[in-house]
Every structure is written in structure tokens, then in C-alpha cells.
Amino acid sequence: MIIPVKGATTKDWDDHSFWAYPWGSSITHKGIDIFKEKGTDVISSTYGIVIYTYEGGKGGKTVMVLGPKWRFHYYAHLDEVDAFPLQPVKTGTKLGTVGTTGNAVGKPPHLHYAITTPFPYWWLRDSEAVQGNRKMFHLDPDIWLRE
């Protein structure tokens with residue numbers, strides 16, 4: 001996997017933001033926010049197929065890619081979308097650009113990046129955390145992007 005924002009490094013996000021609480025109407029932050037200038041290319045962190053593109057809701061302009069191991073890679077708050085449903089993508093394919101859409105309006109430009117799985121990783125369940133039962137369906141992108 002690669003960092004899904006062109007030119008970004010691990011210094012462009014807070015490695016403690018995954019599952020941060022409280023986090024607005026979402027309760028917990030189920031991904032990481034990678035901060036870069038508006039218009040910076042957002043690229044696919046892995047190979048896969050674009051499942052959908054969408055405009056609206058908390059994510060604003062979004063793209064969802066189904067990657068290896070049935071993991072869904074969610075890219076949100078895009079300024080523009082350059083992908084289309086059922087598009088096959090390689091690692092590094094441009095999906096759009098960093099923006100401030102959805103609930104990121106008025107905030108610094110960033111990409112909200114999340115990884116989810118339809119199959120529970122039961123060992124990730126956290127009975128101490130808020131919404132801890134949901135945590136087994138969400139993978140911490142910080143861990144995967146540092147490997």
C-alpha cells in the first residue's frame with residue numbers, strides 16, 4: 001500500500017486520530033485525515049475496482065475502492081472526482097483531488113481515508129472504546145500505511 005495523497009508523508013496526519021472520541025456527529029473518527037493543499041492528487045493506495053463515487057452527506061465527494069482481501073478503501077472530502085464506478089485501478093491511479101467537501105467545509109483541506117472490512121476482525125473489538133464493537137470492521141490506516 002502507498003499513502004493515498006501525492007507527496008504526503010506520515011507527518012501529514014495525526015497517528016492517534018483513528019478511533020478518536022468525541023468526533024462530531026460520527027461519535028468516533030473511523031479513519032485518518034491526511035492534510036495537503038487543496039487540489040493535490042488523491043491516488044489509490046492499492047489496486048482494486050471502484051465500487052462507487054458519491055456526492056453528498058458527511059463525506060462530500062467520495063470514492064470507494066474494493067481492494068485485496070475484500071477491504072474497502074474510502075476516500076472522502078474530495079474537491080473533484082476523477083474515477084467512475086467499476087473502473088479498475090492500479091496502486092497510484094488518480095481518483096480525485098484533496099478538498100473540503102461534506103462536513104469538512106470550513107476546515108483545512110484534507111483527505112479522510114478509511115479502510116473497512118465486511119468480515120469482522122473480532123480481535124480488534126474494543127469493549128473499552130466508544131462504539132468498540134464496530135472497531136472490528138475498521139482497520140487503522142496508520143498501521144497499514146507504515147508497513
# chains A, B, ... in the order shown; residues from 1 in each chain; ligands from 1
call {"tool": "closest_atom_pairs", "arguments": {"of": "range 22-75 of chain A", "to": "range 104-109 of chain A", "cutoff": "12 Å", "atoms": "only C-alpha atoms", "output": "CSV"}}
result
residue,atom,partner,partner_atom,distance
A:Gly24,CA,A:Ala104,CA,11.2
A:Asp33,CA,A:Pro109,CA,9.3
A:Ile34,CA,A:Pro109,CA,8.7
A:Phe35,CA,A:Pro109,CA,6.1
A:Lys36,CA,A:Pro109,CA,6.3
A:Glu37,CA,A:Pro109,CA,6.1
A:Lys38,CA,A:Pro109,CA,5.4
A:Gly39,CA,A:Pro109,CA,8.8
A:Thr40,CA,A:Pro109,CA,9.5
A:Val42,CA,A:Pro109,CA,12.0
A:Gly56,CA,A:Ala104,CA,11.7
A:Gly57,CA,A:Ala104,CA,10.6
A:Lys58,CA,A:Ala104,CA,7.9
A:Gly59,CA,A:Ala104,CA,7.9
A:Gly60,CA,A:Ala104,CA,8.0
A:Lys61,CA,A:Ala104,CA,10.6
call {"tool": "residues_around", "arguments": {"residues": "Ile43 in chain A", "least_positions_apart": "5", "cutoff": "6 Å", "atoms": "only C-alpha atoms", "output": "number ranges by chain"}}
result
A: 4-5, 92-95
call {"tool": "closest_residue", "arguments": {"among": "A:His29, A:Asp79, A:Asp14, A:Ile115", "to": "Met64 in chain A", "atoms": "only C-alpha atoms"}}
result
A:Ile115
call {"tool": "residues_around", "arguments": {"residues": "Ser45 in chain A", "least_positions_apart": "3", "cutoff": "12 Å", "atoms": "only C-alpha atoms", "output": "NGL selection string"}}
result
:A and (1-6 or 41-42 or 48-49 or 64-68 or 71-75 or 89-95 or 113-115 or 141 or 144-145)
call {"tool": "write_last_selection", "arguments": {"atoms": "N, CA and C atoms", "output": "mmCIF file, in the first residue's frame"}}
result
data_model
loop_
_atom_site.group_PDB
_atom_site.id
_atom_site.type_symbol
_atom_site.label_atom_id
_atom_site.label_comp_id
_atom_site.auth_asym_id
_atom_site.auth_seq_id
_atom_site.Cartn_x
_atom_site.Cartn_y
_atom_site.Cartn_z
ATOM 1 N N MET A 1 0.830 -1.189 0.000
ATOM 2 C CA MET A 1 0.000 0.000 0.000
ATOM 3 C C MET A 1 0.872 1.249 0.000
ATOM 4 N N ILE A 2 0.315 2.324 -0.570
ATOM 5 C CA ILE A 2 1.010 3.605 -0.564
ATOM 6 C C ILE A 2 0.097 4.665 0.047
ATOM 7 N N ILE A 3 0.696 5.756 0.479
ATOM 8 C CA ILE A 3 -0.080 6.871 1.029
ATOM 9 C C ILE A 3 -0.948 7.440 -0.084
ATOM 10 N N PRO A 4 -2.250 7.596 0.164
ATOM 11 C CA PRO A 4 -3.178 7.965 -0.911
ATOM 12 C C PRO A 4 -3.233 9.445 -1.281
ATOM 13 N N VAL A 5 -2.270 10.238 -0.851
ATOM 14 C CA VAL A 5 -2.191 11.640 -1.269
ATOM 15 C C VAL A 5 -0.795 11.871 -1.826
ATOM 16 N N LYS A 6 -0.747 12.354 -3.045
ATOM 17 C CA LYS A 6 0.530 12.575 -3.733
ATOM 18 C C LYS A 6 1.423 13.503 -2.906
ATOM 19 N N ASP A 41 -3.315 15.709 -5.798
ATOM 20 C CA ASP A 41 -3.874 14.438 -6.283
ATOM 21 C C ASP A 41 -4.106 13.445 -5.150
ATOM 22 N N VAL A 42 -5.283 12.834 -5.183
ATOM 23 C CA VAL A 42 -5.603 11.694 -4.323
ATOM 24 C C VAL A 42 -5.454 10.464 -5.205
ATOM 25 N N GLY A 48 -7.451 -2.387 -7.247
ATOM 26 C CA GLY A 48 -8.815 -2.821 -6.966
ATOM 27 C C GLY A 48 -9.781 -2.338 -8.023
ATOM 28 N N ILE A 49 -11.025 -2.172 -7.601
ATOM 29 C CA ILE A 49 -12.071 -1.704 -8.505
ATOM 30 C C ILE A 49 -12.913 -0.651 -7.775
ATOM 31 N N MET A 64 -15.142 4.974 -3.330
ATOM 32 C CA MET A 64 -14.924 3.726 -2.591
ATOM 33 C C MET A 64 -14.289 2.717 -3.548
ATOM 34 N N VAL A 65 -13.156 2.147 -3.112
ATOM 35 C CA VAL A 65 -12.444 1.140 -3.908
ATOM 36 C C VAL A 65 -12.444 -0.172 -3.142
ATOM 37 N N LEU A 66 -12.822 -1.244 -3.806
ATOM 38 C CA LEU A 66 -12.701 -2.582 -3.238
ATOM 39 C C LEU A 66 -11.322 -3.106 -3.613
ATOM 40 N N GLY A 67 -10.504 -3.337 -2.589
ATOM 41 C CA GLY A 67 -9.134 -3.789 -2.808
ATOM 42 C C GLY A 67 -8.946 -5.234 -2.408
ATOM 43 N N PRO A 68 -7.701 -5.670 -2.298
ATOM 44 C CA PRO A 68 -7.396 -7.047 -1.912
ATOM 45 C C PRO A 68 -7.992 -7.402 -0.551
ATOM 46 N N ARG A 71 -11.184 -5.679 1.282
ATOM 47 C CA ARG A 71 -11.117 -4.452 2.082
ATOM 48 C C ARG A 71 -11.598 -3.278 1.239
ATOM 49 N N PHE A 72 -12.430 -2.461 1.856
ATOM 50 C CA PHE A 72 -12.975 -1.283 1.199
ATOM 51 C C PHE A 72 -12.152 -0.061 1.612
ATOM 52 N N HIS A 73 -11.690 0.693 0.632
ATOM 53 C CA HIS A 73 -10.867 1.877 0.855
ATOM 54 C C HIS A 73 -11.723 3.095 0.511
ATOM 55 N N TYR A 74 -11.950 3.936 1.516
ATOM 56 C CA TYR A 74 -12.873 5.065 1.422
ATOM 57 C C TYR A 74 -12.082 6.372 1.385
ATOM 58 N N TYR A 75 -12.335 7.170 0.351
ATOM 59 C CA TYR A 75 -11.654 8.440 0.132
ATOM 60 C C TYR A 75 -12.721 9.529 0.156
ATOM 61 N N VAL A 89 -8.510 -0.064 -10.973
ATOM 62 C CA VAL A 89 -7.433 0.868 -10.643
ATOM 63 C C VAL A 89 -6.190 0.101 -10.214
ATOM 64 N N LYS A 90 -5.055 0.694 -10.506
ATOM 65 C CA LYS A 90 -3.774 0.188 -10.028
ATOM 66 C C LYS A 90 -3.372 1.045 -8.837
ATOM 67 N N THR A 91 -2.438 0.566 -8.058
ATOM 68 C CA THR A 91 -1.868 1.385 -6.998
ATOM 69 C C THR A 91 -1.310 2.649 -7.642
ATOM 70 N N GLY A 92 -1.725 3.806 -7.135
ATOM 71 C CA GLY A 92 -1.249 5.076 -7.665
ATOM 72 C C GLY A 92 -2.150 5.732 -8.693
ATOM 73 N N THR A 93 -3.249 5.074 -9.096
ATOM 74 C CA THR A 93 -4.187 5.677 -10.044
ATOM 75 C C THR A 93 -4.857 6.888 -9.401
ATOM 76 N N LYS A 94 -4.936 7.988 -10.131
ATOM 77 C CA LYS A 94 -5.584 9.191 -9.616
ATOM 78 C C LYS A 94 -7.082 8.971 -9.486
ATOM 79 N N LEU A 95 -7.603 9.258 -8.280
ATOM 80 C CA LEU A 95 -9.034 9.126 -8.008
ATOM 81 C C LEU A 95 -9.733 10.479 -7.936
ATOM 82 N N TYR A 113 -9.385 9.201 4.960
ATOM 83 C CA TYR A 113 -9.112 7.876 4.401
ATOM 84 C C TYR A 113 -9.435 6.816 5.443
ATOM 85 N N ALA A 114 -10.257 5.862 5.052
ATOM 86 C CA ALA A 114 -10.659 4.790 5.968
ATOM 87 C C ALA A 114 -10.581 3.452 5.237
ATOM 88 N N ILE A 115 -10.339 2.393 6.006
ATOM 89 C CA ILE A 115 -10.316 1.028 5.478
ATOM 90 C C ILE A 115 -11.300 0.209 6.307
ATOM 91 N N PRO A 141 -5.746 2.877 9.271
ATOM 92 C CA PRO A 141 -4.893 3.138 8.098
ATOM 93 C C PRO A 141 -3.462 3.490 8.456
ATOM 94 N N TRP A 144 -1.396 0.353 8.426
ATOM 95 C CA TRP A 144 -1.216 -0.240 7.103
ATOM 96 C C TRP A 144 -0.341 0.620 6.202
ATOM 97 N N LEU A 145 -0.391 1.934 6.374
ATOM 98 C CA LEU A 145 0.416 2.812 5.515
ATOM 99 C C LEU A 145 1.871 2.873 5.960
#
call {"tool": "closest_residue", "arguments": {"among": "A:Val63, A:Trp122, A:Trp19, A:Glu55", "to": "Ala83 in chain A", "atoms": "only C-alpha atoms"}}
result
A:Val63
call {"tool": "residues_around", "arguments": {"residues": "Thr28 in chain A", "least_positions_apart": "2", "cutoff": "12 Å", "atoms": "only C-alpha atoms", "output": "PyMOL selection string"}}
result
chain A and resi 17-26+30-32+129-132+134-135+138
call {"tool": "write_last_selection", "arguments": {"atoms": "N, CA and C atoms", "output": "short mmCIF file (atom, residue, chain, number, x, y, z; two decimals), in the first residue's frame"}}
result
data_model
loop_
_atom_site.label_atom_id
_atom_site.label_comp_id
_atom_site.auth_asym_id
_atom_site.auth_seq_id
_atom_site.Cartn_x
_atom_site.Cartn_y
_atom_site.Cartn_z
N SER A 17 -5.35 9.77 15.49
CA SER A 17 -6.71 10.22 15.16
C SER A 17 -7.68 9.08 14.87
N PHE A 18 -7.15 7.90 14.54
CA PHE A 18 -8.05 6.77 14.30
C PHE A 18 -8.74 6.38 15.61
N TRP A 19 -10.03 6.29 15.55
CA TRP A 19 -10.92 5.95 16.67
C TRP A 19 -10.86 7.01 17.77
N ALA A 20 -10.55 8.24 17.38
CA ALA A 20 -10.56 9.36 18.34
C ALA A 20 -12.01 9.66 18.74
N TYR A 21 -12.20 10.03 19.99
CA TYR A 21 -13.51 10.32 20.54
C TYR A 21 -13.40 11.53 21.45
N PRO A 22 -14.34 12.43 21.46
CA PRO A 22 -15.51 12.54 20.56
C PRO A 22 -15.12 13.14 19.21
N TRP A 23 -15.89 12.81 18.20
CA TRP A 23 -15.59 13.27 16.85
C TRP A 23 -16.88 13.64 16.13
N GLY A 24 -17.42 14.79 16.44
CA GLY A 24 -18.62 15.30 15.76
C GLY A 24 -19.78 14.33 15.79
N SER A 25 -20.60 14.38 14.76
CA SER A 25 -21.80 13.54 14.71
C SER A 25 -21.47 12.07 14.42
N SER A 26 -20.22 11.79 14.04
CA SER A 26 -19.81 10.39 13.80
C SER A 26 -19.46 9.68 15.10
N LYS A 30 -13.33 7.20 12.36
CA LYS A 30 -13.07 5.85 11.88
C LYS A 30 -12.05 5.79 10.74
N GLY A 31 -11.20 6.78 10.66
CA GLY A 31 -10.16 6.82 9.64
C GLY A 31 -9.09 7.80 10.07
N ILE A 32 -8.31 8.26 9.09
CA ILE A 32 -7.32 9.30 9.36
C ILE A 32 -7.54 10.43 8.35
N ALA A 129 -13.67 1.04 24.36
CA ALA A 129 -13.82 2.21 23.49
C ALA A 129 -15.29 2.49 23.17
N VAL A 130 -15.58 3.75 22.91
CA VAL A 130 -16.91 4.13 22.43
C VAL A 130 -17.08 3.49 21.05
N GLN A 131 -18.22 2.88 20.82
CA GLN A 131 -18.51 2.14 19.58
C GLN A 131 -17.48 1.02 19.34
N GLY A 132 -16.94 0.47 20.41
CA GLY A 132 -15.89 -0.53 20.32
C GLY A 132 -16.25 -1.79 19.56
N ARG A 134 -17.93 -1.85 16.83
CA ARG A 134 -17.76 -1.53 15.41
C ARG A 134 -16.30 -1.58 14.98
N LYS A 135 -15.41 -1.46 15.94
CA LYS A 135 -13.98 -1.37 15.62
C LYS A 135 -13.47 -2.62 14.90
N HIS A 138 -13.22 -2.02 11.16
CA HIS A 138 -12.42 -0.88 10.71
C HIS A 138 -10.95 -1.14 11.00
#
call {"tool": "atom_distance", "arguments": {"atom1": "CA of Thr100 in chain A", "atom2": "CA of Ile51 in chain A"}}
result
22.0 Å
call {"tool": "residues_around", "arguments": {"residues": "Ile143 in chain A", "least_positions_apart": "4", "cutoff": "9 Å", "atoms": "only C-alpha atoms", "output": "list in words"}}
result
Asp15, Leu139 and Glu147 of chain A
call {"tool": "write_last_selection", "arguments": {"atoms": "N, CA and C atoms", "output": "PDB file, in the first residue's frame"}}
result
ATOM      1  N   ASP A  15      -1.222  10.321  13.915  1.00  0.00           N
ATOM      2  CA  ASP A  15      -1.297   8.865  14.021  1.00  0.00           C
ATOM      3  C   ASP A  15      -2.175   8.399  15.183  1.00  0.00           C
ATOM      4  N   LEU A 139     -10.114  -0.934  10.001  1.00  0.00           N
ATOM      5  CA  LEU A 139      -8.677  -1.117  10.167  1.00  0.00           C
ATOM      6  C   LEU A 139      -8.021   0.254  10.275  1.00  0.00           C
ATOM      7  N   GLU A 147       3.566   0.086   6.892  1.00  0.00           N
ATOM      8  CA  GLU A 147       4.223  -1.209   6.625  1.00  0.00           C
ATOM      9  C   GLU A 147       5.084  -1.161   5.394  1.00  0.00           C
TER      10      GLU A 147
END
call {"tool": "select_by_dssp", "arguments": {"residues": "chain A", "states": "helix (DSSP H, G or I)", "output": "number ranges by chain"}}
result
A: 10-12, 24-26, 68-70, 102-104, 122-124, 134-137, 141-146
call {"tool": "residues_around", "arguments": {"residues": "Tyr121 in chain A", "least_positions_apart": "4", "cutoff": "8 Å", "atoms": "only C-alpha atoms", "output": "PyMOL selection string"}}
result
chain A and resi 125+136-137
call {"tool": "select_by_dssp", "arguments": {"residues": "chain A", "states": "strand (DSSP E or B)", "output": "NGL selection string"}}
result
:A and (5 or 20 or 29 or 32-35 or 41-43 or 48-56 or 60-66 or 72-81 or 88-89 or 94-99 or 110-116 or 138-139)
